[in-house]
Amino acid sequence: MKTILTGVKPTGTVHFGNYVGAIRPAIQLGHDINAKGGRHIMFVADYHAINAIKDAPLLKQLTKEIASTYLACGLDPKHSLFYKQSDVPELFELTTILMAYTPKGLMNKSHAYKAQVDKNMAKGEPNDAGINMGLYTYPVLMAADILAYDTDIVPVGKDQIQHVEIAADIAGSINAHYKKEVLKIPEYVVQVNSQVLPGTDGQKMSKSYNNVIPLFADDNVLKKAVMGIKTDCQGLNDKKNPEDILLYHIIKGVAKDDVVQTVKDGLEQGGMGYGDIKKMLLNALHEEIDEKREKYNYYMTHFDEVEDMLQDGAKRARDIAAPVLNRVKDVIFNR
Ligand code: TRP
């Protein structure tokens with residue numbers, strides 16, 4: 001039986017780029033794993049989030065949003081383990097243990113930390129300005145997240161590959177030191193069915209570029225975002241190459257194949273206006289999320305029900321993590 005684990009940080013209001021790039025494929029994967037009798041683990045990395053978010057009400061709000069989003073999009077908490085990292089204290093014991101086997105030099109090489117140093121240097125500030133130990137040791141907590149459940153596979157976006165490699169490194173050196181398999185060595189898999197959705201300005205959709213189409217916004221906000229998608233000034237009847245058209249790339253990420261084909265034909269032959277395509281896109285977005293949005297709004301207003309699910313998930317997670325932690329302590333303390 002394989003164990004597949006994914007963590008998600010509650011860092012910002014969820015948009016369609018997150019949905020097609022991470023949420024939808026993660027939930028699909030969960031269904032696939034569960035159907036095959038494997039174990040699927042999905043958690044909210046709220047301890048990782050506090051490195052950056054010190055505004056407690058904001059963190060609570062973002063945590064609610066991300067948990068409600070995954071449930072609304074179809075994550076099945078009966079079959080997938082779904083919990084908040086902060087509700088599994090075994091992780092923090094394991095983190096402390098892993099620290100002792102993590103070379104400091106390995107952390108110096110971590111991308112998340114290095115990126116912040118680079119930013120500081122570019123701004124002419126001291127290298128470590130604004131960097132806390134949580135950010136510096138980020139990969140150790142992430143290793144604990146993974147190793148605590150004897151995880152086999154971690155599906156990742158490219159930016160997280162290094163973190164899983166570090167987890168494998170730390171586990172490997174503990175195993176080598178005690179000459180036995182104390183911890184299972186995890187592997188990463190780069191998610192194949194995930195897509196990168198461009199934002200309304202053509203750059204990658206991202207909160208920091210201010211170009212997002214929010215996932216669960218009200219009708220008028222959604223409409224405004226779609227109507228604001230950048231278009232060029234080619235004439236209505238010009239024959240266009242769909243690959244050059246931003247709207248085409250966005251609609252390809254969310255609409256059904258027949259709609260995408262209609263748009264493709266319309267652009268190639270000319271005669272289909274950008275306004276028409278925006279309307280089709282808006283319809284496609286509604287088709288994809290209206291039902292989910294209703295569920296999302298329900299969960300957001302009945303969060304006690306979500307909290308119960310998360311608590312149940314945490315309990316089941318602890319039942320798996322506790323024996324792993326004990327196994328490690330038996331070895332390192334020769335118990
Ligand atoms: N670092 C991940 C991110 O930024 C979140 C995360 C925390 C995670 N712990 C994890 C992902 C364990 C996979 C496995 O998205």
# chains A, B, ... in the order shown; residues from 1 in each chain; ligands from 1
$ closest_atom_pairs --of "chain A" --to "ligand 1" --cutoff "6 Å" --atoms "only C-alpha atoms and all ligand atoms" --output "JSON lines"
{"residue": "A:Thr6", "atom": "CA", "partner": "ligand 1", "partner_atom_place_in_ligand_line": "13 (C)", "distance": 4.3}
{"residue": "A:Gly7", "atom": "CA", "partner": "ligand 1", "partner_atom_place_in_ligand_line": "8 (C)", "distance": 3.7}
{"residue": "A:Val8", "atom": "CA", "partner": "ligand 1", "partner_atom_place_in_ligand_line": "5 (C)", "distance": 4.6}
{"residue": "A:Lys9", "atom": "CA", "partner": "ligand 1", "partner_atom_place_in_ligand_line": "5 (C)", "distance": 5.2}
{"residue": "A:Ala45", "atom": "CA", "partner": "ligand 1", "partner_atom_place_in_ligand_line": "7 (C)", "distance": 5.2}
{"residue": "A:Met142", "atom": "CA", "partner": "ligand 1", "partner_atom_place_in_ligand_line": "9 (N)", "distance": 4.2}
{"residue": "A:Asp145", "atom": "CA", "partner": "ligand 1", "partner_atom_place_in_ligand_line": "12 (C)", "distance": 5.2}
{"residue": "A:Ile146", "atom": "CA", "partner": "ligand 1", "partner_atom_place_in_ligand_line": "12 (C)", "distance": 5.4}
$ write_last_selection --atoms "all heavy atoms" --output "PDB file, in the first residue's frame"
ATOM      1  N   THR A   6       0.385  15.327   0.322  1.00  0.00           N
ATOM      2  CA  THR A   6       0.540  16.692  -0.187  1.00  0.00           C
ATOM      3  C   THR A   6       0.205  17.690   0.906  1.00  0.00           C
ATOM      4  O   THR A   6      -0.772  17.512   1.629  1.00  0.00           O
ATOM      5  CB  THR A   6      -0.452  16.987  -1.335  1.00  0.00           C
ATOM      6  OG1 THR A   6      -0.459  15.910  -2.231  1.00  0.00           O
ATOM      7  CG2 THR A   6      -0.049  18.242  -2.086  1.00  0.00           C
ATOM      8  N   GLY A   7       0.993  18.743   0.994  1.00  0.00           N
ATOM      9  CA  GLY A   7       0.696  19.823   1.933  1.00  0.00           C
ATOM     10  C   GLY A   7       0.408  21.086   1.163  1.00  0.00           C
ATOM     11  O   GLY A   7       0.936  21.295   0.073  1.00  0.00           O
ATOM     12  N   VAL A   8      -0.425  21.933   1.750  1.00  0.00           N
ATOM     13  CA  VAL A   8      -0.723  23.189   1.077  1.00  0.00           C
ATOM     14  C   VAL A   8      -0.710  24.322   2.096  1.00  0.00           C
ATOM     15  O   VAL A   8      -1.244  24.207   3.192  1.00  0.00           O
ATOM     16  CB  VAL A   8      -2.065  23.099   0.313  1.00  0.00           C
ATOM     17  CG1 VAL A   8      -3.175  22.617   1.209  1.00  0.00           C
ATOM     18  CG2 VAL A   8      -2.433  24.417  -0.317  1.00  0.00           C
ATOM     19  N   LYS A   9      -0.016  25.387   1.712  1.00  0.00           N
ATOM     20  CA  LYS A   9       0.094  26.527   2.628  1.00  0.00           C
ATOM     21  C   LYS A   9      -1.099  27.451   2.445  1.00  0.00           C
ATOM     22  O   LYS A   9      -1.490  27.731   1.314  1.00  0.00           O
ATOM     23  CB  LYS A   9       1.376  27.314   2.322  1.00  0.00           C
ATOM     24  CG  LYS A   9       2.512  26.961   3.245  1.00  0.00           C
ATOM     25  CD  LYS A   9       3.673  27.931   3.110  1.00  0.00           C
ATOM     26  CE  LYS A   9       4.193  28.023   1.700  1.00  0.00           C
ATOM     27  NZ  LYS A   9       5.335  28.897   1.530  1.00  0.00           N
ATOM     28  N   ALA A  45      -0.727  23.372   5.796  1.00  0.00           N
ATOM     29  CA  ALA A  45       0.563  23.613   6.463  1.00  0.00           C
ATOM     30  C   ALA A  45       0.521  24.949   7.196  1.00  0.00           C
ATOM     31  O   ALA A  45       1.170  25.917   6.794  1.00  0.00           O
ATOM     32  CB  ALA A  45       1.696  23.556   5.446  1.00  0.00           C
ATOM     33  N   MET A 142       9.157  20.400   6.860  1.00  0.00           N
ATOM     34  CA  MET A 142       8.536  19.734   5.707  1.00  0.00           C
ATOM     35  C   MET A 142       8.969  18.262   5.637  1.00  0.00           C
ATOM     36  O   MET A 142       8.176  17.387   5.287  1.00  0.00           O
ATOM     37  CB  MET A 142       8.889  20.480   4.421  1.00  0.00           C
ATOM     38  CG  MET A 142       8.272  19.844   3.199  1.00  0.00           C
ATOM     39  SD  MET A 142       7.993  21.041   1.877  1.00  0.00           S
ATOM     40  CE  MET A 142       7.818  19.904   0.490  1.00  0.00           C
ATOM     41  N   ASP A 145       6.836  16.476   8.062  1.00  0.00           N
ATOM     42  CA  ASP A 145       5.506  16.278   7.469  1.00  0.00           C
ATOM     43  C   ASP A 145       5.463  15.001   6.640  1.00  0.00           C
ATOM     44  O   ASP A 145       4.475  14.273   6.640  1.00  0.00           O
ATOM     45  CB  ASP A 145       5.179  17.424   6.486  1.00  0.00           C
ATOM     46  CG  ASP A 145       4.906  18.743   7.160  1.00  0.00           C
ATOM     47  OD1 ASP A 145       4.443  18.742   8.310  1.00  0.00           O
ATOM     48  OD2 ASP A 145       5.159  19.792   6.518  1.00  0.00           O
ATOM     49  N   ILE A 146       6.535  14.795   5.911  1.00  0.00           N
ATOM     50  CA  ILE A 146       6.575  13.694   4.953  1.00  0.00           C
ATOM     51  C   ILE A 146       6.947  12.377   5.651  1.00  0.00           C
ATOM     52  O   ILE A 146       6.303  11.350   5.485  1.00  0.00           O
ATOM     53  CB  ILE A 146       7.604  14.011   3.839  1.00  0.00           C
ATOM     54  CG1 ILE A 146       7.149  15.236   3.043  1.00  0.00           C
ATOM     55  CG2 ILE A 146       7.815  12.806   2.928  1.00  0.00           C
ATOM     56  CD1 ILE A 146       8.218  15.814   2.117  1.00  0.00           C
TER      57      ILE A 146
END
$ select_by_dssp --residues "region 1-193 of chain A" --states "strand (DSSP E or B)" --output "short mmCIF file (atom, residue, chain, number, x, y, z; two decimals) with C-alpha atoms, in the first residue's frame"
data_model
loop_
_atom_site.label_atom_id
_atom_site.label_comp_id
_atom_site.auth_asym_id
_atom_site.auth_seq_id
_atom_site.Cartn_x
_atom_site.Cartn_y
_atom_site.Cartn_z
CA THR A 3 1.17 6.51 0.91
CA ILE A 4 0.90 9.75 -1.07
CA LEU A 5 1.08 13.05 0.76
CA THR A 6 0.54 16.69 -0.19
CA GLY A 7 0.70 19.82 1.93
CA VAL A 8 -0.72 23.19 1.08
CA HIS A 15 -7.74 31.62 -7.78
CA ARG A 39 -3.39 6.08 1.48
CA HIS A 40 -3.89 9.70 0.51
CA ILE A 41 -2.86 12.46 2.92
CA MET A 42 -3.66 16.13 2.38
CA PHE A 43 -3.00 18.78 4.98
CA VAL A 44 -2.98 22.51 5.60
CA LEU A 81 -6.64 12.10 5.58
CA PHE A 82 -7.33 15.82 5.83
CA TYR A 83 -6.06 17.87 8.78
CA LYS A 84 -4.19 20.93 9.94
CA ILE A 153 5.40 9.64 -2.84
CA VAL A 154 5.05 13.41 -2.68
CA PRO A 155 3.43 14.98 -5.75
CA VAL A 156 5.03 18.38 -6.27
CA GLU A 187 10.26 10.20 -3.65
CA TYR A 188 8.74 13.13 -5.46
CA VAL A 189 6.62 12.95 -8.55
CA VAL A 190 6.18 16.05 -10.65
#
$ atom_distance --atom1 "CA of Ile332 (chain A)" --atom2 "CA of Tyr136 (chain A)"
24.7 Å
$ closest_atom_pairs --of "region 46-93 of chain A" --to "region 322-328 of chain A" --cutoff "12 Å" --atoms "only C-alpha atoms" --output "JSON lines"
{"residue": "A:Val88", "atom": "CA", "partner": "A:Ala322", "partner_atom": "CA", "distance": 9.4}
{"residue": "A:Pro89", "atom": "CA", "partner": "A:Ala322", "partner_atom": "CA", "distance": 9.3}
{"residue": "A:Glu90", "atom": "CA", "partner": "A:Ala322", "partner_atom": "CA", "distance": 6.3}
{"residue": "A:Leu91", "atom": "CA", "partner": "A:Leu325", "partner_atom": "CA", "distance": 8.5}
{"residue": "A:Phe92", "atom": "CA", "partner": "A:Leu325", "partner_atom": "CA", "distance": 10.2}
{"residue": "A:Glu93", "atom": "CA", "partner": "A:Leu325", "partner_atom": "CA", "distance": 7.9}
$ residues_around --residues "Pro10 (chain A)" --least-positions-apart "6" --cutoff "10 Å" --atoms "only C-alpha atoms" --output "list in words"
Val44, Ala45, Asp46, Tyr47, His48, Ala49, Ile50, Ile53, Leu58, Leu59, Lys60, Gln61, Leu62, Thr63, Lys64, Glu65, Ile66 and Ala67 of chain A
$ write_last_selection --atoms "all heavy atoms" --output "short mmCIF file (atom, residue, chain, number, x, y, z; two decimals), in the first residue's frame"
data_model
loop_
_atom_site.label_atom_id
_atom_site.label_comp_id
_atom_site.auth_asym_id
_atom_site.auth_seq_id
_atom_site.Cartn_x
_atom_site.Cartn_y
_atom_site.Cartn_z
N VAL A 44 -3.19 21.06 5.66
CA VAL A 44 -2.98 22.51 5.60
C VAL A 44 -1.74 22.83 6.44
O VAL A 44 -1.71 22.57 7.65
CB VAL A 44 -4.20 23.28 6.15
CG1 VAL A 44 -3.96 24.78 6.05
CG2 VAL A 44 -5.47 22.87 5.40
N ALA A 45 -0.73 23.37 5.80
CA ALA A 45 0.56 23.61 6.46
C ALA A 45 0.52 24.95 7.20
O ALA A 45 1.17 25.92 6.79
CB ALA A 45 1.70 23.56 5.45
N ASP A 46 -0.23 25.00 8.29
CA ASP A 46 -0.39 26.28 8.97
C ASP A 46 0.85 26.68 9.78
O ASP A 46 1.10 27.87 9.99
CB ASP A 46 -1.68 26.34 9.81
CG ASP A 46 -1.86 25.17 10.76
OD1 ASP A 46 -1.04 24.22 10.71
OD2 ASP A 46 -2.82 25.19 11.55
N TYR A 47 1.63 25.70 10.23
CA TYR A 47 2.89 26.05 10.90
C TYR A 47 3.90 26.64 9.91
O TYR A 47 4.66 27.53 10.24
CB TYR A 47 3.50 24.84 11.62
CG TYR A 47 3.29 24.88 13.13
CD1 TYR A 47 2.22 24.23 13.71
CD2 TYR A 47 4.15 25.60 13.95
CE1 TYR A 47 2.02 24.26 15.08
CE2 TYR A 47 3.96 25.64 15.33
CZ TYR A 47 2.90 24.97 15.88
OH TYR A 47 2.71 25.02 17.23
N HIS A 48 3.90 26.12 8.69
CA HIS A 48 4.77 26.73 7.69
C HIS A 48 4.33 28.16 7.41
O HIS A 48 5.15 29.04 7.14
CB HIS A 48 4.77 25.91 6.39
CG HIS A 48 5.74 24.77 6.41
ND1 HIS A 48 5.36 23.45 6.31
CD2 HIS A 48 7.08 24.75 6.52
CE1 HIS A 48 6.42 22.68 6.36
NE2 HIS A 48 7.49 23.44 6.48
N ALA A 49 3.02 28.39 7.49
CA ALA A 49 2.49 29.72 7.14
C ALA A 49 2.91 30.79 8.14
O ALA A 49 3.08 31.95 7.76
CB ALA A 49 0.97 29.66 7.03
N ILE A 50 3.08 30.41 9.42
CA ILE A 50 3.38 31.47 10.41
C ILE A 50 4.76 32.11 10.18
O ILE A 50 5.02 33.19 10.71
CB ILE A 50 3.27 31.01 11.89
CG1 ILE A 50 4.18 29.84 12.18
CG2 ILE A 50 1.82 30.75 12.28
CD1 ILE A 50 4.27 29.50 13.67
N ILE A 53 3.10 34.80 7.95
CA ILE A 53 1.85 35.48 8.34
C ILE A 53 1.74 35.57 9.86
O ILE A 53 1.53 34.56 10.53
CB ILE A 53 0.62 34.75 7.77
CG1 ILE A 53 0.76 34.59 6.25
CG2 ILE A 53 -0.65 35.51 8.11
CD1 ILE A 53 -0.35 33.81 5.62
N LEU A 58 -6.03 36.98 10.10
CA LEU A 58 -5.82 36.72 8.67
C LEU A 58 -5.45 35.26 8.44
O LEU A 58 -5.99 34.59 7.56
CB LEU A 58 -4.70 37.63 8.13
CG LEU A 58 -4.29 37.34 6.68
CD1 LEU A 58 -5.43 37.65 5.71
CD2 LEU A 58 -3.04 38.13 6.28
N LEU A 59 -4.55 34.75 9.28
CA LEU A 59 -4.14 33.35 9.12
C LEU A 59 -5.34 32.42 9.31
O LEU A 59 -5.52 31.46 8.57
CB LEU A 59 -3.02 33.00 10.12
CG LEU A 59 -2.51 31.57 10.04
CD1 LEU A 59 -2.01 31.23 8.64
CD2 LEU A 59 -1.39 31.35 11.06
N LYS A 60 -6.17 32.75 10.28
CA LYS A 60 -7.36 31.93 10.52
C LYS A 60 -8.27 31.96 9.29
O LYS A 60 -8.77 30.93 8.84
CB LYS A 60 -8.10 32.45 11.75
CG LYS A 60 -9.30 31.61 12.10
CD LYS A 60 -9.90 32.04 13.40
CE LYS A 60 -11.11 31.19 13.74
NZ LYS A 60 -11.77 31.67 14.96
N GLN A 61 -8.47 33.16 8.75
CA GLN A 61 -9.32 33.31 7.58
C GLN A 61 -8.77 32.50 6.40
O GLN A 61 -9.50 31.77 5.73
CB GLN A 61 -9.42 34.81 7.22
CG GLN A 61 -10.15 35.12 5.93
CD GLN A 61 -11.64 34.81 6.00
OE1 GLN A 61 -12.19 34.62 7.09
NE2 GLN A 61 -12.29 34.74 4.84
N LEU A 62 -7.46 32.60 6.16
CA LEU A 62 -6.87 31.90 5.02
C LEU A 62 -6.93 30.38 5.21
O LEU A 62 -7.12 29.63 4.25
CB LEU A 62 -5.42 32.35 4.81
CG LEU A 62 -5.23 33.83 4.45
CD1 LEU A 62 -3.75 34.17 4.36
CD2 LEU A 62 -5.93 34.17 3.14
N THR A 63 -6.78 29.96 6.46
CA THR A 63 -6.87 28.52 6.76
C THR A 63 -8.28 28.02 6.49
O THR A 63 -8.48 26.96 5.88
CB THR A 63 -6.46 28.26 8.22
OG1 THR A 63 -5.14 28.75 8.43
CG2 THR A 63 -6.50 26.78 8.55
N LYS A 64 -9.26 28.80 6.92
CA LYS A 64 -10.66 28.44 6.65
C LYS A 64 -10.90 28.35 5.15
O LYS A 64 -11.54 27.42 4.66
CB LYS A 64 -11.59 29.53 7.22
CG LYS A 64 -12.00 29.34 8.64
CD LYS A 64 -12.88 30.50 9.13
CE LYS A 64 -14.29 30.45 8.58
NZ LYS A 64 -15.17 31.46 9.23
N GLU A 65 -10.38 29.35 4.43
CA GLU A 65 -10.62 29.40 2.99
C GLU A 65 -10.02 28.18 2.28
O GLU A 65 -10.67 27.55 1.44
CB GLU A 65 -10.03 30.68 2.38
CG GLU A 65 -10.84 31.92 2.69
CD GLU A 65 -10.23 33.19 2.11
OE1 GLU A 65 -9.26 33.11 1.33
OE2 GLU A 65 -10.73 34.29 2.45
N ILE A 66 -8.80 27.83 2.67
CA ILE A 66 -8.15 26.74 1.94
C ILE A 66 -8.80 25.40 2.28
O ILE A 66 -9.03 24.57 1.40
CB ILE A 66 -6.61 26.74 2.17
CG1 ILE A 66 -5.90 25.92 1.08
CG2 ILE A 66 -6.20 26.20 3.51
CD1 ILE A 66 -5.73 26.64 -0.20
N ALA A 67 -9.16 25.21 3.55
CA ALA A 67 -9.81 23.95 3.93
C ALA A 67 -11.17 23.84 3.24
O ALA A 67 -11.51 22.79 2.68
CB ALA A 67 -9.96 23.87 5.44
#
$ select_by_dssp --residues "region 59-154 of chain A" --states "helix (DSSP H, G or I)" --output "number ranges by chain"
A: 59-72, 85-87, 90-99, 104-108, 111-122, 133-136, 138-147
$ atom_distance --atom1 "CA of Asn127 (chain A)" --atom2 "CA of Gln160 (chain A)"
22.9 Å
$ atom_distance --atom1 "CA of Lys104 (chain A)" --atom2 "CA of Ala317 (chain A)"
29.3 Å
$ closest_residue --among "A:Gly17, A:Gly124, A:Gly37, A:Asn334" --to "Tyr178 (chain A)" --atoms "only C-alpha atoms"
A:Asn334
$ residues_around --residues "Leu135 (chain A)" --least-positions-apart "4" --cutoff "9 Å" --atoms "only C-alpha atoms" --output "MDAnalysis selection string"
chainID A and resid 48 51:52 112:113 131 139
$ residues_around --residues "Glu291 (chain A)" --least-positions-apart "5" --cutoff "10 Å" --atoms "only C-alpha atoms" --output "mmCIF file with all heavy atoms, in the first residue's frame"
data_model
loop_
_atom_site.group_PDB
_atom_site.id
_atom_site.type_symbol
_atom_site.label_atom_id
_atom_site.label_comp_id
_atom_site.auth_asym_id
_atom_site.auth_seq_id
_atom_site.Cartn_x
_atom_site.Cartn_y
_atom_site.Cartn_z
ATOM 1 N N ALA A 72 -14.888 21.754 -0.861
ATOM 2 C CA ALA A 72 -15.874 22.135 -1.877
ATOM 3 C C ALA A 72 -15.513 21.569 -3.243
ATOM 4 O O ALA A 72 -16.380 21.226 -4.040
ATOM 5 C CB ALA A 72 -15.986 23.651 -1.959
ATOM 6 N N CYS A 73 -14.216 21.442 -3.508
ATOM 7 C CA CYS A 73 -13.774 20.941 -4.815
ATOM 8 C C CYS A 73 -13.763 19.415 -4.875
ATOM 9 O O CYS A 73 -13.344 18.843 -5.867
ATOM 10 C CB CYS A 73 -12.406 21.499 -5.170
ATOM 11 S SG CYS A 73 -12.450 23.263 -5.503
ATOM 12 N N HIS A 286 -18.424 29.419 -14.866
ATOM 13 C CA HIS A 286 -19.609 29.157 -14.040
ATOM 14 C C HIS A 286 -19.940 27.679 -14.021
ATOM 15 O O HIS A 286 -20.278 27.118 -12.983
ATOM 16 C CB HIS A 286 -20.803 29.962 -14.552
ATOM 17 C CG HIS A 286 -20.821 31.371 -14.026
ATOM 18 N ND1 HIS A 286 -20.951 31.642 -12.693
ATOM 19 C CD2 HIS A 286 -20.702 32.562 -14.649
ATOM 20 C CE1 HIS A 286 -20.913 32.958 -12.509
ATOM 21 N NE2 HIS A 286 -20.743 33.541 -13.690
ATOM 22 N N TYR A 296 -18.717 25.756 -1.062
ATOM 23 C CA TYR A 296 -17.690 26.573 -0.405
ATOM 24 C C TYR A 296 -18.343 27.573 0.548
ATOM 25 O O TYR A 296 -17.946 27.687 1.711
ATOM 26 C CB TYR A 296 -16.867 27.305 -1.471
ATOM 27 C CG TYR A 296 -15.878 28.286 -0.900
ATOM 28 C CD1 TYR A 296 -14.654 27.843 -0.392
ATOM 29 C CD2 TYR A 296 -16.165 29.651 -0.871
ATOM 30 C CE1 TYR A 296 -13.743 28.750 0.137
ATOM 31 C CE2 TYR A 296 -15.254 30.552 -0.347
ATOM 32 C CZ TYR A 296 -14.047 30.098 0.156
ATOM 33 O OH TYR A 296 -13.153 30.999 0.679
#
$ closest_residue --among "A:Ala144, A:Tyr248, A:Ile166, A:Asp159" --to "Ala115 (chain A)" --atoms "only C-alpha atoms"
A:Asp159
$ closest_residue --among "A:Asp276, A:Asp244, A:Thr200, A:Ala100" --to "Lys224 (chain A)" --atoms "only C-alpha atoms"
A:Thr200
